[in-house]
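> One file: final.cif (mmCIF, C-alpha atoms and all ligand atoms).
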data_start
#
loop_
_atom_site.label_atom_id
_atom_site.label_comp_id
_atom_site.auth_asym_id
_atom_site.auth_seq_id
_atom_site.Cartn_x
_atom_site.Cartn_y
_atom_site.Cartn_z
CA MET U 1 -158.41 69.48 148.93
CA ILE U 2 -159.33 71.24 152.18
CA VAL U 3 -162.07 69.76 154.36
CA THR U 4 -163.71 71.46 157.29
CA ILE U 5 -164.27 69.04 160.09
CA ASN U 6 -165.25 69.16 163.72
CA LEU U 7 -162.06 67.51 164.93
CA PRO U 8 -163.04 67.24 168.63
CA ARG U 9 -166.22 65.40 167.63
CA LEU U 10 -164.37 63.12 165.22
CA LEU U 11 -161.78 62.21 167.86
CA ASN U 12 -164.45 61.88 170.54
CA THR U 13 -166.20 59.39 168.24
CA LEU U 14 -163.11 57.44 167.23
CA SER U 15 -161.90 57.35 170.85
CA MET U 16 -164.75 55.00 171.74
CA VAL U 17 -163.02 52.16 169.94
CA LEU U 18 -159.94 52.70 172.09
CA ASP U 19 -162.05 52.09 175.18
CA PHE U 20 -163.28 48.56 174.59
CA THR U 21 -162.06 46.18 177.27
CA THR U 22 -162.80 42.55 178.10
CA ILE U 23 -165.85 43.73 180.04
CA GLY U 24 -167.12 46.31 177.55
CA LEU U 25 -166.73 50.04 177.02
CA ASN U 26 -164.98 51.79 179.92
CA HIS U 27 -165.16 55.40 178.58
CA HIS U 28 -161.57 56.02 179.75
CA HIS U 29 -160.66 58.47 176.97
CA ASN U 30 -163.84 60.47 177.23
CA ARG U 31 -163.61 60.63 181.00
CA VAL U 32 -160.00 61.82 180.76
CA ALA U 33 -161.03 64.36 178.11
CA TYR U 34 -163.81 65.55 180.41
CA ILE U 35 -161.54 65.93 183.47
CA SER U 36 -158.77 67.57 181.42
CA SER U 37 -161.14 70.04 179.78
CA ALA U 38 -162.84 70.86 183.08
CA MET U 39 -159.44 71.65 184.62
CA GLY U 40 -158.38 73.54 181.49
CA ALA U 41 -161.52 75.68 181.69
CA MET U 42 -160.38 76.89 185.13
CA MET U 43 -156.90 77.80 183.92
CA ASP U 44 -155.63 80.56 181.65
CA LEU U 45 -155.60 78.45 178.48
CA SER U 46 -156.06 79.96 175.02
CA PRO U 47 -158.85 78.58 172.79
CA GLN U 48 -156.20 76.77 170.73
CA GLU U 49 -154.71 75.19 173.85
CA ARG U 50 -158.14 74.03 175.00
CA HIS U 51 -158.72 72.51 171.56
CA ASP U 52 -155.36 70.73 171.56
CA LEU U 53 -155.87 69.56 175.15
CA TYR U 54 -159.28 68.07 174.35
CA CYS U 55 -158.06 66.38 171.15
CA ALA U 56 -154.94 64.93 172.79
CA ALA U 57 -156.87 63.71 175.84
CA SER U 58 -159.43 62.03 173.58
CA ILE U 59 -156.85 59.74 171.99
CA HIS U 60 -153.95 59.90 174.49
CA ASP U 61 -153.53 56.10 174.78
CA MET U 62 -153.91 55.34 171.07
CA GLY U 63 -150.45 53.74 171.18
CA ALA U 64 -151.77 50.98 173.49
CA THR U 65 -154.53 49.02 171.85
CA SER U 66 -154.42 45.39 172.90
CA PHE U 67 -156.52 44.49 175.93
CA HIS U 68 -153.31 43.42 177.64
CA GLU U 69 -151.52 46.76 177.02
CA LYS U 70 -154.54 48.73 178.20
CA ALA U 71 -154.96 46.67 181.36
CA ALA U 72 -151.29 47.27 182.29
CA LEU U 73 -151.92 51.05 182.37
CA GLY U 74 -154.70 50.59 184.90
CA SER U 75 -152.39 50.45 187.94
CA PHE U 76 -151.63 53.78 189.63
CA GLN U 77 -147.91 53.51 188.92
CA PRO U 78 -147.65 51.40 185.77
CA ARG U 79 -144.37 49.57 185.36
CA GLU U 80 -143.79 50.89 181.86
CA THR U 81 -145.39 53.86 180.11
CA ASP U 82 -142.89 54.94 177.49
CA THR U 83 -143.87 52.47 174.75
CA HIS U 84 -147.43 53.68 174.24
CA CYS U 85 -146.46 57.38 174.60
CA GLN U 86 -143.80 56.94 171.90
CA ALA U 87 -146.13 54.87 169.72
CA GLY U 88 -148.90 57.50 169.86
CA TYR U 89 -146.37 60.24 169.12
CA GLN U 90 -144.83 58.36 166.19
CA LEU U 91 -148.25 57.71 164.67
CA LEU U 92 -149.36 61.35 164.77
CA LYS U 93 -146.18 63.33 164.25
CA GLY U 94 -145.77 64.81 160.82
CA ILE U 95 -149.50 65.01 160.17
CA GLY U 96 -150.61 68.60 159.64
CA HIS U 97 -152.77 69.86 162.53
CA PHE U 98 -151.57 67.04 164.82
CA GLU U 99 -148.05 68.28 165.65
CA ASN U 100 -149.04 69.75 169.02
CA ILE U 101 -151.34 66.84 169.80
CA ALA U 102 -148.49 64.39 169.10
CA GLN U 103 -146.15 66.30 171.46
CA ILE U 104 -148.76 66.43 174.23
CA ILE U 105 -149.35 62.68 173.94
CA LEU U 106 -145.59 61.98 174.02
CA HIS U 107 -145.30 63.51 177.50
CA HIS U 108 -148.61 62.49 179.09
CA HIS U 109 -146.94 60.20 181.67
CA ASP U 110 -143.92 62.42 182.46
CA HIS U 111 -143.39 62.99 186.16
CA TRP U 112 -143.35 66.74 186.74
CA GLU U 113 -140.18 66.65 188.85
CA HIS U 114 -138.23 64.83 186.12
CA GLN U 115 -139.26 66.96 183.17
CA GLU U 116 -136.22 68.04 181.20
CA GLU U 117 -137.89 71.05 179.73
CA ARG U 118 -141.17 72.69 180.53
CA SER U 119 -143.27 74.44 177.93
CA ALA U 120 -146.84 75.48 177.22
CA LEU U 121 -147.34 72.05 175.66
CA THR U 122 -145.93 70.05 178.58
CA ARG U 123 -148.38 71.96 180.81
CA LEU U 124 -151.15 70.39 178.73
CA SER U 125 -149.49 66.96 179.07
CA ASP U 126 -149.41 67.54 182.85
CA ILE U 127 -153.15 68.17 182.92
CA ILE U 128 -153.81 64.93 181.02
CA HIS U 129 -151.42 63.05 183.30
CA LEU U 130 -153.36 64.07 186.40
CA ALA U 131 -156.75 63.49 184.73
CA ASP U 132 -155.58 60.07 183.57
CA ARG U 133 -154.35 58.94 187.00
CA LEU U 134 -157.52 60.23 188.65
CA GLU U 135 -159.67 58.36 186.14
CA ILE U 136 -158.00 55.01 186.72
CA LEU U 137 -158.62 55.35 190.47
CA LEU U 138 -162.36 55.42 189.88
CA THR U 139 -164.08 52.12 189.37
CA GLY U 140 -167.50 51.30 188.01
CA ASP U 141 -170.42 53.65 187.51
CA TYR U 142 -171.02 54.74 191.13
CA ILE U 143 -168.11 57.01 191.86
CA LEU U 144 -169.44 59.88 193.95
CA HIS U 145 -168.58 58.05 197.18
CA GLN U 146 -165.09 57.26 195.84
CA ARG U 147 -164.01 60.91 195.53
CA ARG U 148 -162.44 61.35 198.98
CA ARG U 149 -160.32 58.21 198.65
CA ALA U 150 -159.19 59.17 195.11
CA LEU U 151 -158.26 62.73 196.11
CA ASP U 152 -156.39 61.47 199.17
CA GLN U 153 -154.38 59.10 197.02
CA LEU U 154 -153.41 61.89 194.60
CA SER U 155 -152.67 64.56 197.19
CA GLY U 156 -149.20 63.34 198.18
CA TRP U 157 -147.96 63.41 194.59
CA PHE U 158 -148.23 67.10 193.71
CA GLY U 159 -144.75 68.55 193.25
CA THR U 160 -143.31 65.14 192.34
CA MET U 161 -145.50 63.19 189.93
CA PHE U 162 -147.94 66.04 189.26
CA ARG U 163 -147.57 69.73 188.51
CA PRO U 164 -148.09 71.60 191.83
CA GLU U 165 -150.53 74.25 190.56
CA LEU U 166 -153.00 71.55 189.50
CA LYS U 167 -153.71 70.63 193.13
CA GLU U 168 -155.81 73.72 193.70
CA VAL U 169 -157.52 73.44 190.32
CA LEU U 170 -158.60 69.88 191.07
CA SER U 171 -159.75 70.65 194.62
CA GLU U 172 -161.93 73.47 193.35
CA LEU U 173 -163.45 71.20 190.73
CA ALA U 174 -163.91 68.31 193.13
CA VAL U 175 -166.29 70.26 195.37
CA LYS U 176 -169.07 69.91 192.83
CA GLU U 177 -170.96 66.62 193.03
CA SER U 178 -171.96 67.15 189.41
CA PHE U 179 -168.32 66.81 188.31
CA TRP U 180 -168.25 63.24 189.64
CA LEU U 181 -171.76 62.45 188.47
CA ASP U 182 -170.86 63.64 184.95
CA LEU U 183 -167.91 61.27 184.84
CA ALA U 184 -169.99 58.27 185.76
CA SER U 185 -172.93 59.18 183.58
CA PRO U 186 -173.89 57.35 180.37
CA TYR U 187 -173.75 60.79 178.69
CA VAL U 188 -170.05 61.33 179.28
CA GLU U 189 -169.22 61.36 175.53
CA ASP U 190 -171.61 64.25 174.94
CA LEU U 191 -170.70 65.95 178.19
CA SER U 192 -167.01 65.89 177.38
CA LEU U 193 -167.69 67.26 173.91
CA GLY U 194 -169.85 69.98 175.49
CA MET U 195 -166.71 71.26 177.24
CA MET U 196 -165.51 72.62 173.89
CA SER U 197 -166.65 76.08 172.91
CA PRO U 198 -168.40 75.92 169.52
CA GLU U 199 -166.32 78.63 167.85
CA ILE U 200 -163.13 76.57 167.96
CA ASN U 201 -164.66 73.27 166.99
CA ASP U 202 -164.30 73.40 163.24
CA SER U 203 -160.85 72.81 161.84
CA ALA U 204 -159.74 73.19 158.24
CA LEU U 205 -157.68 70.12 157.40
CA GLN U 206 -155.99 68.97 154.24
CA TYR U 207 -157.85 65.87 153.03
CA LYS U 208 -154.54 63.99 152.84
CA ASP U 209 -153.98 64.65 156.57
CA LEU U 210 -157.47 63.49 157.47
CA LYS U 211 -156.89 60.36 155.40
CA LYS U 212 -153.66 59.74 157.32
CA LEU U 213 -155.65 59.88 160.56
CA PHE U 214 -158.04 57.24 159.21
CA MET U 215 -155.07 55.17 158.06
CA ILE U 216 -153.72 55.29 161.61
CA PHE U 217 -156.99 53.93 162.92
CA ALA U 218 -156.90 51.25 160.19
CA TRP U 219 -153.42 50.37 161.42
CA ILE U 220 -154.70 50.20 165.02
CA ILE U 221 -157.56 47.91 163.92
CA ASP U 222 -155.28 45.61 161.93
CA ARG U 223 -152.74 45.50 164.74
CA LYS U 224 -155.31 43.73 166.92
CA CYS U 225 -154.52 40.60 164.99
CA ARG U 226 -151.05 39.84 163.67
CA PHE U 227 -152.51 37.88 160.73
CA THR U 228 -154.36 40.83 159.22
CA MET U 229 -151.66 43.49 159.24
CA HIS U 230 -152.72 45.23 156.02
CA HIS U 231 -156.31 44.09 155.67
CA SER U 232 -158.08 47.44 156.13
CA ARG U 233 -155.79 49.21 153.69
CA LEU U 234 -156.25 46.48 151.08
CA VAL U 235 -160.04 46.65 151.49
CA ALA U 236 -159.91 50.46 151.19
CA SER U 237 -157.79 50.34 148.07
CA SER U 238 -159.80 47.53 146.41
CA SER U 239 -163.06 49.33 147.27
CA ALA U 240 -161.84 52.60 145.75
CA HIS U 241 -160.94 50.80 142.49
CA LEU U 242 -164.26 48.95 142.39
CA ALA U 243 -166.12 52.22 143.05
CA SER U 244 -164.23 53.87 140.23
CA LEU U 245 -165.21 51.03 137.86
CA ALA U 246 -168.81 51.36 139.08
CA GLY U 247 -168.80 55.04 138.06
CA PHE U 248 -168.72 56.68 141.53
CA SER U 249 -167.86 60.41 141.71
CA PRO U 250 -164.38 61.39 143.00
CA LEU U 251 -165.96 62.51 146.30
CA ASP U 252 -167.76 59.18 146.75
CA ILE U 253 -164.58 57.29 145.85
CA ALA U 254 -162.80 59.22 148.61
CA GLN U 255 -165.60 58.35 151.01
CA ILE U 256 -165.61 54.66 150.15
CA GLU U 257 -161.88 54.57 150.72
CA VAL U 258 -162.49 55.90 154.25
CA ALA U 259 -165.31 53.38 154.73
CA GLY U 260 -162.89 50.62 153.70
CA LEU U 261 -160.25 51.84 156.15
CA LEU U 262 -162.76 51.89 159.01
CA HIS U 263 -165.04 48.95 158.12
CA ASP U 264 -163.65 46.74 160.90
CA LEU U 265 -163.53 49.52 163.54
CA GLY U 266 -165.75 47.42 165.81
CA LYS U 267 -163.11 44.66 165.81
CA LEU U 268 -161.43 46.60 168.60
CA SER U 269 -164.18 45.22 170.85
CA ILE U 270 -163.10 41.62 170.21
CA PRO U 271 -160.49 39.84 172.38
CA GLU U 272 -157.25 39.00 170.55
CA SER U 273 -157.63 35.37 171.67
CA ILE U 274 -160.63 35.04 169.34
CA LEU U 275 -159.23 37.12 166.47
CA GLU U 276 -155.98 35.15 166.47
CA LYS U 277 -157.43 31.70 167.13
CA PRO U 278 -155.79 29.42 164.58
CA GLY U 279 -158.54 26.78 164.40
CA ALA U 280 -162.28 26.93 163.81
CA LEU U 281 -164.31 29.20 166.07
CA THR U 282 -166.98 27.85 168.40
CA ALA U 283 -170.54 29.11 167.91
CA ALA U 284 -170.17 31.37 170.96
CA GLU U 285 -166.90 32.83 169.64
CA TYR U 286 -168.48 33.45 166.26
CA ASP U 287 -171.27 35.33 168.02
CA VAL U 288 -168.63 37.60 169.56
CA ILE U 289 -167.16 38.22 166.07
CA LYS U 290 -170.63 39.17 164.82
CA ARG U 291 -170.67 42.19 167.13
CA HIS U 292 -167.99 44.07 165.19
CA PRO U 293 -170.01 45.56 162.28
CA TYR U 294 -172.72 46.48 164.79
CA HIS U 295 -170.20 48.61 166.71
CA THR U 296 -168.74 50.03 163.48
CA TYR U 297 -172.22 51.25 162.57
CA HIS U 298 -173.12 52.85 165.87
CA ILE U 299 -169.74 54.50 166.34
CA LEU U 300 -169.62 56.03 162.85
CA ARG U 301 -173.28 57.04 163.07
CA ARG U 302 -172.29 59.45 165.81
CA LEU U 303 -170.62 61.62 163.18
CA PRO U 304 -173.29 64.08 162.05
CA GLY U 305 -173.93 63.97 158.30
CA HIS U 306 -172.05 60.71 157.80
CA LEU U 307 -174.84 58.12 157.76
CA GLN U 308 -173.74 56.98 154.31
CA LEU U 309 -170.20 56.39 155.56
CA ALA U 310 -171.58 54.38 158.51
CA GLU U 311 -173.76 52.24 156.22
CA TRP U 312 -171.09 51.59 153.62
CA ALA U 313 -168.57 50.62 156.29
CA ALA U 314 -170.78 48.67 158.66
CA PHE U 315 -172.90 46.64 156.23
CA HIS U 316 -169.90 44.74 154.86
CA HIS U 317 -171.13 41.41 156.25
CA GLU U 318 -174.67 41.96 154.93
CA ARG U 319 -175.46 40.01 151.76
CA PRO U 320 -177.67 40.79 148.72
CA ASN U 321 -179.62 37.56 149.50
CA GLY U 322 -180.29 38.78 153.06
CA ALA U 323 -178.25 36.01 154.68
CA GLY U 324 -175.59 38.31 156.16
CA TYR U 325 -175.27 39.82 159.63
CA PRO U 326 -175.96 41.60 161.95
CA PHE U 327 -178.76 43.74 160.46
CA ARG U 328 -180.03 41.20 157.89
CA ILE U 329 -180.30 43.88 155.21
CA GLY U 330 -180.52 42.54 151.65
CA GLY U 331 -181.96 43.19 148.20
CA SER U 332 -182.44 46.78 147.11
CA ALA U 333 -182.06 48.01 150.71
CA LEU U 334 -178.37 47.09 150.62
CA PRO U 335 -176.47 50.15 149.27
CA LEU U 336 -174.05 49.74 146.37
CA GLY U 337 -171.26 51.17 148.56
CA SER U 338 -171.81 48.41 151.13
CA ARG U 339 -171.81 45.77 148.37
CA ILE U 340 -168.49 47.14 147.12
CA ILE U 341 -166.88 46.89 150.56
CA ALA U 342 -168.28 43.35 150.93
CA VAL U 343 -166.67 42.19 147.64
CA ALA U 344 -163.41 43.97 148.51
CA ASP U 345 -163.45 42.45 152.01
CA ILE U 346 -163.86 38.87 150.78
CA PHE U 347 -161.39 39.29 147.94
CA SER U 348 -158.81 40.72 150.38
CA ALA U 349 -159.40 37.94 152.92
CA LEU U 350 -158.90 35.29 150.21
CA ILE U 351 -155.71 36.75 148.76
CA GLU U 352 -154.11 37.45 152.16
CA ASP U 353 -152.24 34.88 154.25
CA ARG U 354 -154.15 33.57 157.27
CA PRO U 355 -152.89 31.63 160.31
CA TYR U 356 -154.15 28.36 158.89
CA ARG U 357 -153.32 28.90 155.17
CA THR U 358 -151.34 31.06 152.76
CA GLY U 359 -153.06 33.45 150.34
CA MET U 360 -155.19 31.62 147.76
CA ASN U 361 -154.29 31.37 144.08
CA ARG U 362 -156.20 33.07 141.29
CA GLY U 363 -158.16 29.99 140.24
CA ASP U 364 -159.51 29.33 143.72
CA ILE U 365 -160.36 32.99 144.29
CA GLU U 366 -162.19 33.19 140.96
CA SER U 367 -164.25 30.11 141.69
CA ILE U 368 -165.20 31.23 145.24
CA LEU U 369 -166.21 34.73 144.10
CA SER U 370 -168.19 33.37 141.11
CA GLN U 371 -169.99 30.85 143.31
CA SER U 372 -170.83 33.62 145.83
CA ALA U 373 -172.19 35.77 143.00
CA ARG U 374 -174.39 32.88 141.76
CA GLU U 375 -175.78 32.46 145.31
CA LYS U 376 -176.33 36.23 145.56
CA ALA U 377 -174.03 36.28 148.55
CA LEU U 378 -172.07 38.94 146.64
CA ASP U 379 -173.11 41.45 143.98
CA GLY U 380 -172.67 39.71 140.59
CA ASP U 381 -171.85 42.87 138.60
CA LEU U 382 -169.14 43.88 141.04
CA VAL U 383 -167.64 40.38 141.04
CA ASP U 384 -167.58 40.49 137.20
CA GLN U 385 -165.78 43.84 137.32
CA LEU U 386 -163.20 42.54 139.76
CA LEU U 387 -162.57 39.34 137.83
CA SER U 388 -162.20 41.12 134.52
CA HIS U 389 -159.57 43.43 136.07
CA TYR U 390 -158.02 40.70 138.21
CA ASP U 391 -154.35 41.66 137.67
CA LEU U 392 -155.04 45.21 138.82
CA PHE U 393 -156.72 44.04 142.04
CA ALA U 394 -154.07 41.40 142.72
CA SER U 395 -151.33 44.03 142.42
CA LEU U 396 -152.90 46.21 145.13
CA GLN U 397 -151.60 43.89 147.83
CA GLU U 398 -147.98 44.70 147.03
CA PHE U 399 -148.80 48.37 146.85
CA VAL U 400 -150.39 48.60 150.32
CA ASP U 401 -147.45 46.71 151.83
CA ILE U 402 -145.06 49.54 151.08
CA LEU U 403 -147.21 52.37 152.50
CA ARG U 404 -146.01 53.70 155.82
CA TYR U 405 -148.95 52.81 158.05
FE FE E 501 -151.31 56.59 178.98
FE FE E 502 -154.90 56.71 179.85
FE FE E 503 -165.54 42.49 159.16
#
Could you show the structure in this file as structure tokens?

Amino acid sequence: MIVTINLPRLLNTLSMVLDFTTIGLNHHHNRVAYISSAMGAMMDLSPQERHDLYCAASIHDMGATSFHEKAALGSFQPRETDTHCQAGYQLLKGIGHFENIAQIILHHHDHWEHQEERSALTRLSDIIHLADRLEILLTGDYILHQRRRALDQLSGWFGTMFRPELKEVLSELAVKESFWLDLASPYVEDLSLGMMSPEINDSALQYKDLKKLFMIFAWIIDRKCRFTMHHSRLVASSSAHLASLAGFSPLDIAQIEVAGLLHDLGKLSIPESILEKPGALTAAEYDVIKRHPYHTYHILRRLPGHLQLAEWAAFHHERPNGAGYPFRIGGSALPLGSRIIAVADIFSALIEDRPYRTGMNRGDIESILSQSAREKALDGDLVDQLLSHYDLFASLQEFVDILRY
């Protein structure tokens, strides 16, 4: 199945989750995409190169997702850069449409003077490298007055760390105050996307390749916590089977699978210390956890025409009795797709090992799900379906373990 998708917009949207830090969203990927695209627009790049440059810049640090890994890349000369370049490359290589993007990401910290071979693609990596190092020199939201200091710091590195020809490109760009104001503006996501010319935005992708991209993001989400390594994939798979039993169309089953993969997208905003805490959470820590479906909703909502996907994914902690969070949606206002993900989420959490216990046995799972259905904390019909096909759902765990991502 071929799907037409605006890949720059999709990556621009997904990149937001890569930019959560301990103090909130830092817009690093979108700022780097903006700087890279602005430089690219002044160079003799083909439309395809501009597309690849934007897409690669939007997710260039996807191989570094813990707050600790991201913070380490914030110094001008990070001690180690190879791990996240390799990780990003390994995740994307082999996926149709992402071959160039994977290569560009692999080399985005290469010093120009040490490059073993130079190609049209490494030129794009060089642009991202400069954009990336410029971005980390800028702090906070008031950066216009920081431009002289940042440019001075970069200027000695052209011909060694940076590709020489980019010096002139950057100086020309830097004259405009608006360039700096754009970077610090709350509109940087839209501004960076606006750098793409509309005629090259839509890409025809194989659905299986798009699904691999979502599986990569599921892997990134689950990697935030070493106790939930396969959770998103198990939720996706259980949701797809429940949707099939509930009579969903093949297209809606495909969509609920994506919603399952991305339901915990907002978890990337939560510090690992809370996600991995072995004991009970304090009330304040639980409040931090409650932010994650809120972020899932607002990030996925940015994809035009995908409100249903956002609702199915993000309402997974809402409850039919209205006692869920964070939107307190219940009763008939709670979509069937969201109810499916909620049942799949709880079932998966019960059957998986957790830091403080191993996966529960069938009897305990049955009694917890049945009790939740009686309290209308879960949809009773869906719980009945799951329990009457229990062996099928229990076998999904082994199946997701052997998938590559
Ligand atoms: Fe990087
Ligand atoms: Fe970066
Ligand atoms: Fe969740």
> Check which residues fall inside 8 Å of ligand FE 503 (chain E) when counting only C-alpha atoms and all ligand atoms, and print them as a list in words.
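The residues within 8 Å of ligand FE 503 (chain E), counting only C-alpha atoms and all ligand atoms, are His263, Asp264, Lys267, His292, Pro293, His316, His317 and Asp345 of chain U.
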> Which of these residues is nearest to ligand FE 501 (chain E), using only C-alpha atoms and all ligand atoms: U:Ala72, U:Gly159, U:Leu53, U:His27?
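For ligand FE 501 (chain E), the nearest of the given residues is U:Ala72.
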> Extract, using all atoms listed in the file, all DNA, RNA and protein residues at most 8 Å from U:Leu130, discarding same-chain residues fewer than 4 positions from it, and format them as an NGL selection string.
:U and (126 or 134 or 162)
> Got a sec to check which residues lie within 8 Å of ligand FE 501 (chain E), using all atoms listed in the file, and send them as a PDB file with C-alpha atoms, keeping the file's coordinate frame?

ATOM      1  CA  HIS U  60    -153.950  59.900 174.490  1.00  0.00           C
ATOM      2  CA  ASP U  61    -153.530  56.100 174.780  1.00  0.00           C
ATOM      3  CA  ALA U  64    -151.770  50.980 173.490  1.00  0.00           C
ATOM      4  CA  LEU U  73    -151.920  51.050 182.370  1.00  0.00           C
ATOM      5  CA  THR U  81    -145.390  53.860 180.110  1.00  0.00           C
ATOM      6  CA  HIS U  84    -147.430  53.680 174.240  1.00  0.00           C
ATOM      7  CA  CYS U  85    -146.460  57.380 174.600  1.00  0.00           C
ATOM      8  CA  HIS U 108    -148.610  62.490 179.090  1.00  0.00           C
ATOM      9  CA  HIS U 109    -146.940  60.200 181.670  1.00  0.00           C
ATOM     10  CA  HIS U 129    -151.420  63.050 183.300  1.00  0.00           C
ATOM     11  CA  ASP U 132    -155.580  60.070 183.570  1.00  0.00           C
TER      12      ASP U 132
END
> Could you tell me how far atom CA of U:Ile340 lies from atom CA of U:Leu7, in Å and to one decimal?
27.8 Å
> In Å, how far is it from atom CA of U:Ala56 to atom CA of U:Asp141?
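Result for atom CA of U:Ala56 versus atom CA of U:Asp141: 24.2 Å, one decimal.
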> I'd like to know which of U:Arg118, U:Arg50, U:Lys212, U:Lys176 is closest to U:Arg147, using only C-alpha atoms.
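Nearest candidate to U:Arg147 out of U:Arg118, U:Arg50, U:Lys212, U:Lys176: U:Lys176.
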> So which residues touch U:Glu135 within 12 Å, counting all atoms listed in the file, skipping near sequence neighbours fewer than 6 positions away, as a PyMOL selection string?
chain U and resi 26-36+57+73-76+128-129+141+143+146-147+150-151+154+180+183-184
> Which value, in Å to one decimal, gives the distance between atom CA of U:Glu177 and atom CA of U:Tyr142?
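A separation of 12.0 Å between them.
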> Which residues come within 12 Å of U:Leu11, counting all atoms listed in the file, excluding same-chain residues fewer than 3 positions away, as a ChimeraX atom specification?
/U:5-8,14-18,29-30,33,51-60,62,98,101,189,192-193,201,210,213-214,217,299-300,302-303
> For the residues selected in the previous step, produce a file with C-alpha atoms as a compact mmCIF listing (two decimals), in the coordinates of the input.

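The resulting selection10.txt:
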# COMPACT_ATOMS: atom_id res chain seq x y z
CA ILE U 5 -164.27 69.04 160.09
CA ASN U 6 -165.25 69.16 163.72
CA LEU U 7 -162.06 67.51 164.93
CA PRO U 8 -163.04 67.24 168.63
CA LEU U 14 -163.11 57.44 167.23
CA SER U 15 -161.90 57.35 170.85
CA MET U 16 -164.75 55.00 171.74
CA VAL U 17 -163.02 52.16 169.94
CA LEU U 18 -159.94 52.70 172.09
CA HIS U 29 -160.66 58.47 176.97
CA ASN U 30 -163.84 60.47 177.23
CA ALA U 33 -161.03 64.36 178.11
CA HIS U 51 -158.72 72.51 171.56
CA ASP U 52 -155.36 70.73 171.56
CA LEU U 53 -155.87 69.56 175.15
CA TYR U 54 -159.28 68.07 174.35
CA CYS U 55 -158.06 66.38 171.15
CA ALA U 56 -154.94 64.93 172.79
CA ALA U 57 -156.87 63.71 175.84
CA SER U 58 -159.43 62.03 173.58
CA ILE U 59 -156.85 59.74 171.99
CA HIS U 60 -153.95 59.90 174.49
CA MET U 62 -153.91 55.34 171.07
CA PHE U 98 -151.57 67.04 164.82
CA ILE U 101 -151.34 66.84 169.80
CA GLU U 189 -169.22 61.36 175.53
CA SER U 192 -167.01 65.89 177.38
CA LEU U 193 -167.69 67.26 173.91
CA ASN U 201 -164.66 73.27 166.99
CA LEU U 210 -157.47 63.49 157.47
CA LEU U 213 -155.65 59.88 160.56
CA PHE U 214 -158.04 57.24 159.21
CA PHE U 217 -156.99 53.93 162.92
CA ILE U 299 -169.74 54.50 166.34
CA LEU U 300 -169.62 56.03 162.85
CA ARG U 302 -172.29 59.45 165.81
CA LEU U 303 -170.62 61.62 163.18
> For ligand FE 502 (chain E), which residue among U:Leu92, U:Ile341, U:Ile136, U:Val3 is the nearest when counting all atoms listed in the file?
U:Ile136
